[in-house]
file run_36.cif (mmCIF, C-alpha atoms)
data_structure
loop_
_atom_site.label_atom_id
_atom_site.label_comp_id
_atom_site.auth_asym_id
_atom_site.auth_seq_id
_atom_site.Cartn_x
_atom_site.Cartn_y
_atom_site.Cartn_z
CA MET A 1 142.73 116.23 -99.06
CA ARG A 2 143.88 117.77 -95.77
CA THR A 3 142.58 121.27 -95.07
CA VAL A 4 144.08 123.77 -92.68
CA ASP A 5 141.81 125.12 -89.98
CA PRO A 6 142.94 128.75 -89.57
CA GLU A 7 141.51 129.01 -86.06
CA ALA A 8 143.24 125.85 -84.83
CA ASN A 9 146.41 127.05 -86.51
CA GLU A 10 146.22 130.41 -84.76
CA SER A 11 145.48 128.75 -81.42
CA ARG A 12 148.53 126.50 -81.80
CA ARG A 13 150.77 129.47 -82.65
CA ARG A 14 149.46 131.28 -79.58
CA ALA A 15 150.14 128.26 -77.34
CA ILE A 16 153.72 128.07 -78.64
CA LEU A 17 154.30 131.78 -78.01
CA ASP A 18 152.86 131.55 -74.48
CA ALA A 19 155.03 128.52 -73.73
CA ALA A 20 158.13 130.16 -75.22
CA ALA A 21 157.55 133.33 -73.19
CA ARG A 22 157.56 131.26 -69.99
CA CYS A 23 160.68 129.33 -71.01
CA PHE A 24 162.63 132.40 -72.19
CA ALA A 25 161.73 134.39 -69.07
CA ALA A 26 162.74 131.57 -66.73
CA ALA A 27 165.75 129.95 -68.39
CA GLY A 28 166.76 132.44 -71.05
CA PHE A 29 166.58 132.35 -74.84
CA ARG A 30 169.91 130.59 -75.37
CA ALA A 31 169.39 127.90 -72.73
CA THR A 32 165.87 127.01 -73.92
CA ARG A 33 165.70 124.08 -76.35
CA THR A 34 162.87 123.94 -78.89
CA ALA A 35 161.81 120.56 -77.45
CA GLU A 36 161.23 122.31 -74.11
CA ILE A 37 158.99 124.88 -75.77
CA CYS A 38 157.00 122.06 -77.40
CA ALA A 39 156.67 120.22 -74.07
CA ALA A 40 155.55 123.42 -72.31
CA ALA A 41 153.00 123.96 -75.09
CA GLY A 42 151.72 120.39 -74.70
CA MET A 43 152.78 119.23 -78.15
CA SER A 44 155.28 116.65 -79.35
CA ALA A 45 158.89 117.66 -79.95
CA GLY A 46 159.50 119.13 -83.38
CA ASN A 47 155.86 120.16 -83.80
CA MET A 48 156.89 123.80 -83.29
CA PHE A 49 158.57 123.79 -86.71
CA HIS A 50 155.18 123.53 -88.43
CA TYR A 51 154.52 127.03 -87.10
CA PHE A 52 157.93 128.72 -86.74
CA PRO A 53 161.09 127.95 -88.74
CA THR A 54 163.49 128.62 -85.82
CA LYS A 55 163.61 129.45 -82.11
CA HIS A 56 164.75 132.92 -83.16
CA ALA A 57 161.55 133.35 -85.19
CA VAL A 58 159.58 132.50 -82.05
CA LEU A 59 161.37 135.24 -80.10
CA CYS A 60 160.74 137.75 -82.90
CA ALA A 61 157.06 136.79 -83.04
CA LEU A 62 156.84 137.25 -79.27
CA VAL A 63 158.31 140.76 -79.45
CA GLU A 64 155.97 141.58 -82.36
CA ARG A 65 152.97 140.29 -80.39
CA GLU A 66 153.94 142.49 -77.45
CA GLY A 67 153.99 145.45 -79.82
CA GLU A 68 150.52 144.56 -81.14
CA GLN A 69 149.14 144.20 -77.61
CA ALA A 70 150.69 147.56 -76.66
CA ASP A 71 149.10 149.14 -79.76
CA VAL A 72 145.65 147.99 -78.67
CA TRP A 73 146.28 149.31 -75.17
CA LEU A 74 147.63 152.67 -76.40
CA GLU A 75 144.65 153.03 -78.75
CA GLU A 76 142.32 152.64 -75.75
CA LEU A 77 144.31 155.25 -73.82
CA ARG A 78 144.23 157.67 -76.75
CA SER A 79 140.46 157.50 -76.88
CA ALA A 80 140.06 158.17 -73.14
CA ALA A 81 138.14 161.34 -72.28
CA ASP A 82 140.65 162.50 -69.62
CA PRO A 83 144.21 162.41 -70.99
CA PHE A 84 145.98 162.90 -67.64
CA LEU A 85 143.91 160.14 -66.08
CA ALA A 86 144.88 157.94 -69.04
CA LEU A 87 148.55 158.76 -68.39
CA THR A 88 148.05 157.83 -64.73
CA ALA A 89 146.53 154.50 -65.79
CA PHE A 90 149.44 153.94 -68.18
CA LEU A 91 152.02 154.42 -65.40
CA ALA A 92 150.10 152.18 -62.98
CA THR A 93 149.89 149.41 -65.57
CA ILE A 94 153.62 149.72 -66.33
CA CYS A 95 154.37 149.14 -62.64
CA GLU A 96 152.01 146.13 -62.59
CA LEU A 97 153.70 144.68 -65.68
CA ALA A 98 157.18 145.26 -64.23
CA ALA A 99 156.07 143.48 -61.04
CA ASP A 100 155.16 140.36 -63.04
CA PRO A 101 158.25 138.09 -63.08
CA MET A 102 157.26 136.65 -66.47
CA VAL A 103 156.77 140.04 -68.14
CA ALA A 104 159.86 141.59 -66.54
CA GLY A 105 161.96 138.48 -67.17
CA LEU A 106 161.00 138.44 -70.83
CA ALA A 107 161.56 142.20 -71.22
CA LEU A 108 165.05 142.02 -69.68
CA GLU A 109 165.84 138.90 -71.73
CA SER A 110 164.72 140.56 -74.98
CA SER A 111 166.86 143.62 -74.23
CA ALA A 112 169.86 141.46 -73.39
CA ILE A 113 169.48 139.48 -76.64
CA ALA A 114 168.84 142.66 -78.65
CA HIS A 115 172.16 144.06 -77.51
CA ARG A 116 173.86 141.62 -79.93
CA ASP A 117 170.97 140.85 -82.31
CA GLU A 118 170.04 143.59 -84.76
CA VAL A 119 166.76 141.91 -85.85
CA VAL A 120 165.40 141.77 -82.30
CA ALA A 121 166.81 145.27 -81.61
CA GLU A 122 164.90 146.67 -84.59
CA LEU A 123 161.63 145.11 -83.40
CA LEU A 124 162.13 146.53 -79.90
CA ARG A 125 162.87 149.97 -81.38
CA ALA A 126 159.61 149.87 -83.35
CA ASN A 127 157.67 148.93 -80.19
CA ASP A 128 159.40 151.69 -78.24
CA ALA A 129 158.67 154.31 -80.92
CA ALA A 130 154.98 153.35 -80.92
CA LEU A 131 154.86 153.58 -77.13
CA ARG A 132 156.47 157.03 -77.15
CA ASP A 133 154.03 158.18 -79.85
CA GLY A 134 151.11 157.13 -77.68
CA VAL A 135 152.53 158.81 -74.57
CA ALA A 136 153.41 162.00 -76.50
CA ASP A 137 149.82 162.13 -77.73
CA LEU A 138 148.49 161.92 -74.15
CA VAL A 139 150.96 164.59 -72.96
CA ALA A 140 149.95 166.95 -75.79
CA ARG A 141 146.26 166.43 -75.07
CA ALA A 142 146.77 166.94 -71.31
CA ARG A 143 148.64 170.18 -72.05
CA ASP A 144 145.89 171.37 -74.44
CA ALA A 145 143.33 170.57 -71.72
CA GLY A 146 145.29 172.68 -69.19
CA GLN A 147 145.97 169.65 -66.98
CA ILE A 148 149.76 170.15 -67.14
CA SER A 149 152.04 173.08 -67.93
CA ALA A 150 154.51 170.82 -69.81
CA PRO A 151 157.46 173.14 -70.32
CA MET A 152 159.18 170.59 -72.56
CA SER A 153 157.84 169.30 -75.87
CA ALA A 154 155.44 166.36 -75.81
CA GLU A 155 158.09 164.26 -77.58
CA SER A 156 160.77 165.10 -75.00
CA ALA A 157 158.34 164.37 -72.19
CA ALA A 158 157.51 161.00 -73.79
CA THR A 159 161.23 160.22 -74.13
CA TRP A 160 161.85 160.88 -70.43
CA ILE A 161 158.76 158.96 -69.38
CA ALA A 162 160.10 156.08 -71.50
CA ALA A 163 163.48 156.48 -69.74
CA LEU A 164 161.71 156.17 -66.37
CA VAL A 165 159.93 153.06 -67.63
CA ASP A 166 163.32 151.61 -68.68
CA GLY A 167 164.48 152.44 -65.16
CA VAL A 168 161.56 150.66 -63.47
CA PHE A 169 162.44 147.45 -65.34
CA ALA A 170 166.21 147.88 -64.87
CA ARG A 171 165.86 148.49 -61.11
CA ARG A 172 164.38 145.00 -60.75
CA ALA A 173 167.66 143.53 -61.98
CA VAL A 174 170.03 145.73 -60.04
CA GLN A 175 168.16 146.67 -56.85
CA PRO A 176 166.45 143.61 -55.32
CA GLU A 177 164.45 145.61 -52.77
CA PHE A 178 162.82 147.75 -55.50
CA ARG A 179 159.25 146.50 -55.85
CA PRO A 180 157.56 148.03 -58.90
CA ALA A 181 154.07 147.28 -57.52
CA ASP A 182 154.79 149.56 -54.54
CA GLU A 183 156.29 152.32 -56.68
CA ALA A 184 153.33 153.32 -58.86
CA GLN A 185 152.45 156.33 -56.70
CA ALA A 186 156.08 157.53 -56.61
CA LEU A 187 156.33 157.19 -60.40
CA LEU A 188 153.11 159.17 -60.85
CA THR A 189 154.34 161.90 -58.49
CA ILE A 190 157.59 162.18 -60.43
CA VAL A 191 155.90 162.32 -63.82
CA SER A 192 153.41 164.89 -62.47
CA ARG A 193 156.29 167.11 -61.38
CA VAL A 194 158.17 166.66 -64.62
CA LEU A 195 155.07 167.63 -66.60
CA GLY A 196 154.14 170.51 -64.32
CA ARG A 197 150.83 169.03 -63.22
CA THR A 198 148.36 171.82 -62.53
CA GLU A 199 147.03 171.43 -58.99
CA THR A 200 143.33 170.68 -59.37
CA ARG A 201 140.66 168.61 -57.76
CA MET B 1 215.65 133.74 -58.74
CA ARG B 2 212.98 135.64 -60.68
CA THR B 3 211.37 138.50 -58.80
CA VAL B 4 207.99 140.01 -59.56
CA ASP B 5 207.88 143.73 -60.14
CA PRO B 6 204.53 144.79 -58.62
CA GLU B 7 204.34 147.97 -60.69
CA ALA B 8 204.96 146.18 -63.99
CA ASN B 9 202.46 143.55 -62.93
CA GLU B 10 199.82 146.19 -62.18
CA SER B 11 200.52 147.98 -65.44
CA ARG B 12 200.06 144.71 -67.39
CA ARG B 13 196.77 143.99 -65.61
CA ARG B 14 195.57 147.50 -66.44
CA ALA B 15 196.54 147.09 -70.10
CA ILE B 16 194.58 143.82 -70.26
CA LEU B 17 191.50 145.41 -68.68
CA ASP B 18 191.66 148.39 -71.04
CA ALA B 19 191.97 146.08 -74.05
CA ALA B 20 189.17 143.80 -72.83
CA ALA B 21 186.88 146.79 -72.28
CA ARG B 22 187.34 147.81 -75.91
CA CYS B 23 186.81 144.25 -77.19
CA PHE B 24 183.73 143.56 -75.02
CA ALA B 25 182.15 146.91 -75.90
CA ALA B 26 182.70 146.41 -79.63
CA ALA B 27 182.19 142.69 -80.22
CA GLY B 28 180.58 141.49 -77.01
CA PHE B 29 181.85 139.28 -74.20
CA ARG B 30 180.90 135.95 -75.81
CA ALA B 31 182.31 136.75 -79.25
CA THR B 32 185.65 138.01 -77.90
CA ARG B 33 188.43 135.40 -77.75
CA THR B 34 191.19 135.73 -75.16
CA ALA B 35 193.77 135.85 -77.97
CA GLU B 36 192.04 138.99 -79.25
CA ILE B 37 192.30 140.62 -75.83
CA CYS B 38 196.02 139.77 -75.75
CA ALA B 39 196.54 141.20 -79.25
CA ALA B 40 194.66 144.38 -78.32
CA ALA B 41 196.83 144.67 -75.19
CA GLY B 42 200.00 144.23 -77.27
CA MET B 43 201.02 140.94 -75.68
CA SER B 44 201.39 137.43 -77.04
CA ALA B 45 198.43 135.07 -77.01
CA GLY B 46 198.01 133.24 -73.74
CA ASN B 47 199.91 135.88 -71.79
CA MET B 48 196.62 137.05 -70.27
CA PHE B 49 196.44 133.86 -68.22
CA HIS B 50 199.41 134.98 -66.10
CA TYR B 51 197.13 137.74 -64.83
CA PHE B 52 193.58 136.39 -65.03
CA PRO B 53 192.50 132.74 -64.90
CA THR B 54 189.57 133.18 -67.35
CA LYS B 55 187.88 135.66 -69.66
CA HIS B 56 185.07 135.75 -67.11
CA ALA B 57 187.54 136.87 -64.42
CA VAL B 58 188.56 139.73 -66.72
CA LEU B 59 184.94 140.86 -67.05
CA CYS B 60 184.48 140.68 -63.26
CA ALA B 61 187.69 142.67 -62.69
CA LEU B 62 186.45 145.28 -65.17
CA VAL B 63 183.14 145.69 -63.34
CA GLU B 64 185.01 145.88 -60.01
CA ARG B 65 187.37 148.50 -61.41
CA GLU B 66 184.40 150.58 -62.57
CA GLY B 67 183.05 150.38 -59.03
CA GLU B 68 186.39 151.54 -57.57
CA GLN B 69 186.57 154.43 -60.05
CA ALA B 70 183.00 155.41 -59.19
CA ASP B 71 183.88 155.29 -55.47
CA VAL B 72 186.71 157.78 -55.99
CA TRP B 73 184.40 160.02 -58.00
CA LEU B 74 181.58 159.82 -55.43
CA GLU B 75 184.04 160.58 -52.62
CA GLU B 76 185.04 163.77 -54.44
CA LEU B 77 181.39 164.72 -54.88
CA ARG B 78 180.64 164.04 -51.21
CA SER B 79 183.36 166.45 -50.14
CA ALA B 80 182.13 169.26 -52.44
CA ALA B 81 181.05 172.40 -50.63
CA ASP B 82 177.82 172.83 -52.63
CA PRO B 83 175.83 169.57 -52.67
CA PHE B 84 173.34 170.60 -55.38
CA LEU B 85 176.17 171.75 -57.62
CA ALA B 86 177.83 168.37 -57.01
CA LEU B 87 174.58 166.65 -58.04
CA THR B 88 174.51 168.79 -61.19
CA ALA B 89 178.09 167.74 -61.98
CA PHE B 90 177.15 164.11 -61.35
CA LEU B 91 174.29 164.25 -63.87
CA ALA B 92 176.42 166.04 -66.48
CA THR B 93 179.15 163.42 -66.15
CA ILE B 94 176.62 160.59 -66.44
CA CYS B 95 175.44 162.05 -69.77
CA GLU B 96 179.07 162.37 -70.94
CA LEU B 97 179.77 158.76 -69.99
CA ALA B 98 176.59 157.54 -71.71
CA ALA B 99 177.64 159.44 -74.85
CA ASP B 100 180.93 157.51 -74.99
CA PRO B 101 180.36 154.42 -77.18
CA MET B 102 182.94 152.44 -75.22
CA VAL B 103 181.49 153.23 -71.81
CA ALA B 104 177.88 152.78 -72.94
CA GLY B 105 178.71 149.63 -74.92
CA LEU B 106 180.43 148.07 -71.94
CA ALA B 107 177.63 149.08 -69.55
CA LEU B 108 174.94 147.57 -71.80
CA GLU B 109 177.07 144.46 -72.38
CA SER B 110 177.64 143.97 -68.62
CA SER B 111 173.91 144.30 -67.94
CA ALA B 112 173.08 141.85 -70.72
CA ILE B 113 175.58 139.31 -69.37
CA ALA B 114 174.45 139.90 -65.77
CA HIS B 115 170.92 138.96 -66.75
CA ARG B 116 172.08 135.31 -66.87
CA ASP B 117 175.24 135.49 -64.74
CA GLU B 118 174.73 135.82 -61.00
CA VAL B 119 178.40 136.64 -60.26
CA VAL B 120 178.42 139.64 -62.62
CA ALA B 121 174.93 140.61 -61.42
CA GLU B 122 176.13 140.71 -57.81
CA LEU B 123 179.07 142.95 -58.72
CA LEU B 124 176.77 145.33 -60.62
CA ARG B 125 174.39 145.41 -57.65
CA ALA B 126 177.23 146.39 -55.33
CA ASN B 127 178.30 149.19 -57.70
CA ASP B 128 174.71 150.38 -57.98
CA ALA B 129 174.20 150.40 -54.20
CA ALA B 130 177.37 152.46 -53.74
CA LEU B 131 176.21 154.91 -56.41
CA ARG B 132 172.80 155.31 -54.76
CA ASP B 133 174.45 155.82 -51.37
CA GLY B 134 176.55 158.64 -52.79
CA VAL B 135 173.57 160.28 -54.51
CA ALA B 136 171.37 159.90 -51.40
CA ASP B 137 174.06 161.64 -49.39
CA LEU B 138 174.12 164.58 -51.81
CA VAL B 139 170.31 164.78 -51.79
CA ALA B 140 170.20 164.79 -47.97
CA ARG B 141 172.87 167.49 -47.77
CA ALA B 142 171.13 169.60 -50.44
CA ARG B 143 167.89 169.29 -48.44
CA ASP B 144 169.62 170.23 -45.19
CA ALA B 145 171.14 173.24 -46.96
CA GLY B 146 167.68 174.34 -48.14
CA GLN B 147 168.61 173.91 -51.82
CA ILE B 148 165.74 171.49 -52.46
CA SER B 149 162.44 170.74 -50.76
CA ALA B 150 162.80 166.97 -51.42
CA PRO B 151 159.36 165.69 -50.47
CA MET B 152 160.53 162.09 -50.81
CA SER B 153 163.25 160.44 -48.74
CA ALA B 154 166.86 160.83 -49.87
CA GLU B 155 166.95 157.06 -50.55
CA SER B 156 163.83 157.19 -52.75
CA ALA B 157 165.19 160.20 -54.59
CA ALA B 158 168.47 158.34 -55.18
CA THR B 159 166.55 155.30 -56.46
CA TRP B 160 164.64 157.39 -59.00
CA ILE B 161 167.75 159.28 -60.06
CA ALA B 162 169.36 155.87 -60.60
CA ALA B 163 166.30 154.82 -62.62
CA LEU B 164 166.75 157.90 -64.83
CA VAL B 165 170.43 157.00 -65.25
CA ASP B 166 169.38 153.47 -66.31
CA GLY B 167 167.04 155.15 -68.76
CA VAL B 168 169.75 157.37 -70.26
CA PHE B 169 171.83 154.28 -71.06
CA ALA B 170 168.84 152.20 -72.21
CA ARG B 171 167.60 154.95 -74.54
CA ARG B 172 170.86 154.67 -76.50
CA ALA B 173 169.96 151.09 -77.38
CA VAL B 174 166.31 151.61 -78.20
CA GLN B 175 166.06 155.19 -79.50
CA PRO B 176 168.85 155.94 -81.98
CA GLU B 177 168.15 159.69 -82.13
CA PHE B 178 168.60 160.06 -78.34
CA ARG B 179 171.98 161.72 -77.80
CA PRO B 180 172.98 161.68 -74.12
CA ALA B 181 175.46 164.54 -74.63
CA ASP B 182 172.58 166.81 -75.69
CA GLU B 183 170.30 165.71 -72.85
CA ALA B 184 172.29 166.82 -69.79
CA GLN B 185 170.25 170.00 -69.35
CA ALA B 186 166.93 168.15 -69.70
CA LEU B 187 168.05 165.55 -67.15
CA LEU B 188 169.06 168.29 -64.72
CA THR B 189 165.71 170.05 -65.18
CA ILE B 190 163.84 166.82 -64.49
CA VAL B 191 165.87 165.98 -61.39
CA SER B 192 165.47 169.58 -60.15
CA ARG B 193 161.70 169.26 -60.44
CA VAL B 194 161.62 165.84 -58.82
CA LEU B 195 163.65 167.15 -55.88
CA GLY B 196 161.71 170.41 -55.61
CA ARG B 197 164.68 172.66 -56.37
CA THR B 198 164.27 175.91 -54.51
CA GLU B 199 164.47 178.77 -57.00
CA THR B 200 167.60 180.69 -56.05
CA ARG B 201 170.40 182.56 -57.66
#

call {"tool": "encode", "arguments": {"input": "run_36.cif", "output": "structure tokens"}}
result
Amino acid sequence: MRTVDPEANESRRRAILDAAARCFAAAGFRATRTAEICAAAGMSAGNMFHYFPTKHAVLCALVEREGEQADVWLEELRSAADPFLALTAFLATICELAADPMVAGLALESSAIAHRDEVVAELLRANDAALRDGVADLVARARDAGQISAPMSAESAATWIAALVDGVFARRAVQPEFRPADEAQALLTIVSRVLGRTETR
Amino acid sequence: MRTVDPEANESRRRAILDAAARCFAAAGFRATRTAEICAAAGMSAGNMFHYFPTKHAVLCALVEREGEQADVWLEELRSAADPFLALTAFLATICELAADPMVAGLALESSAIAHRDEVVAELLRANDAALRDGVADLVARARDAGQISAPMSAESAATWIAALVDGVFARRAVQPEFRPADEAQALLTIVSRVLGRTETR
């Protein structure tokens, strides 16, 4: 009798998702054939279907995995001793992620697909809501600690920080000379002004 | 001999573009058939091809027309006596436009298509560059008039204002409770802070 090794199974799923992320970012979801994902994952064509029923399910699993990774990251930020420093780290990491062609390519591809795909759109909305929750928590804690004057609600501040993050990714597509890696300080300055950062050492 | 009436020709082209904008915003570029555009424009199927060689050419003409309309608008703003007031009007109009399902739907659709279509992407980049030029001009004039302290360059300020505009449109897709029409004041407050608005009457 054949037994399933859960670890090997999980490792195969991970390899497929990693391969699919590269393919979708480079060639796009529609143009990528499942055989190409299998080849990029180092497995024979058709093998993917033991793990995911469709290419669409692979995309959904990728977006869900991004949400899970963001949850782990946000949980770390929430537990940081200095909330404004955690917010600073958040913004710096966003710029690093947006500078990565694979991450940015996949994010822009997911958004483009989501525009006409309600299932993917719903997954992206859930990820976005979790991100805003995490940021709102940091803003509220920074305000309670007297680090910012925050004249708007923590939720509004989180919404506008999310809008700036949208903008950092969108600029890549529309403004070729915009380099997210060089813009982390500018983004921090802007967010500091929006939040009314108290001038301290 | 049949003569072409340039005015009737132009009016037909405009009717096709208006109809295509509605179709693309509602159903998407890919899902829209040219016969549907003709029906929406009140002309018989196939008639569109007297004016545009392909559906893709219609989309490109739509994006170009948006750019021309924005140029007229920006020219008006440039000639305004009070540059900060002109910037305020710009931001309010952006929120109005983003609140319009047709405008926002078409903007998000164009961006989604542009992600895998270099011709559309290039047209959007040209529109974006013109928009940033206009905004940078207003920022520089507001700074020269002492209305703002603008610690960043006018070009950087215009880039980040453009990023916020990206965000206003993107929020619609990802955050259903975000209503651009209700956010004009918040956007103005944020831009005022970013630019270091001098407190005046």

call {"tool": "resolve_selection", "arguments": {"input": "run_36.cif", "expression": "the PyMOL selection byres ((chain A and resi 133-139) around 7)", "output": "PyMOL selection string"}}
result
chain A and resi 74+78+83+87+129-132+140-143+154-155+157-158

call {"tool": "resolve_selection", "arguments": {"input": "run_36.cif", "expression": "the PyMOL selection byres ((chain A) within 10 of (chain B))", "output": "number ranges by chain"}}
result
A: 27-28, 30-31, 105, 108-116, 121-129, 152, 156-157, 159-171, 173-176, 178, 183, 186-187, 189-196

call {"tool": "resolve_selection", "arguments": {"input": "run_36.cif", "expression": "the PyMOL selection byres ((chain A and resi 33) around 12)", "output": "ChimeraX atom specification"}}
result
/A:19-20,23-24,27-32,34-40,45-46,48,54-56,58

call {"tool": "write_last_selection", "arguments": {"input": "run_36.cif", "atoms": "C-alpha atoms", "output": "tab-separated table (two decimals), in the coordinates of the input"}}
result
chain	number	residue	atom	x	y	z
A	19	ALA	CA	155.03	128.52	-73.73
A	20	ALA	CA	158.13	130.16	-75.22
A	23	CYS	CA	160.68	129.33	-71.01
A	24	PHE	CA	162.63	132.40	-72.19
A	27	ALA	CA	165.75	129.95	-68.39
A	28	GLY	CA	166.76	132.44	-71.05
A	29	PHE	CA	166.58	132.35	-74.84
A	30	ARG	CA	169.91	130.59	-75.37
A	31	ALA	CA	169.39	127.90	-72.73
A	32	THR	CA	165.87	127.01	-73.92
A	34	THR	CA	162.87	123.94	-78.89
A	35	ALA	CA	161.81	120.56	-77.45
A	36	GLU	CA	161.23	122.31	-74.11
A	37	ILE	CA	158.99	124.88	-75.77
A	38	CYS	CA	157.00	122.06	-77.40
A	39	ALA	CA	156.67	120.22	-74.07
A	40	ALA	CA	155.55	123.42	-72.31
A	45	ALA	CA	158.89	117.66	-79.95
A	46	GLY	CA	159.50	119.13	-83.38
A	48	MET	CA	156.89	123.80	-83.29
A	54	THR	CA	163.49	128.62	-85.82
A	55	LYS	CA	163.61	129.45	-82.11
A	56	HIS	CA	164.75	132.92	-83.16
A	58	VAL	CA	159.58	132.50	-82.05

call {"tool": "atom_distance", "arguments": {"input": "run_36.cif", "atom1": "CA of Gly146 (chain A)", "atom2": "CA of Leu85 (chain A)"}}
result
13.0 Å

call {"tool": "atom_distance", "arguments": {"input": "run_36.cif", "atom1": "CA of Asn47 (chain A)", "atom2": "CA of Leu17 (chain A)"}}
result
13.1 Å
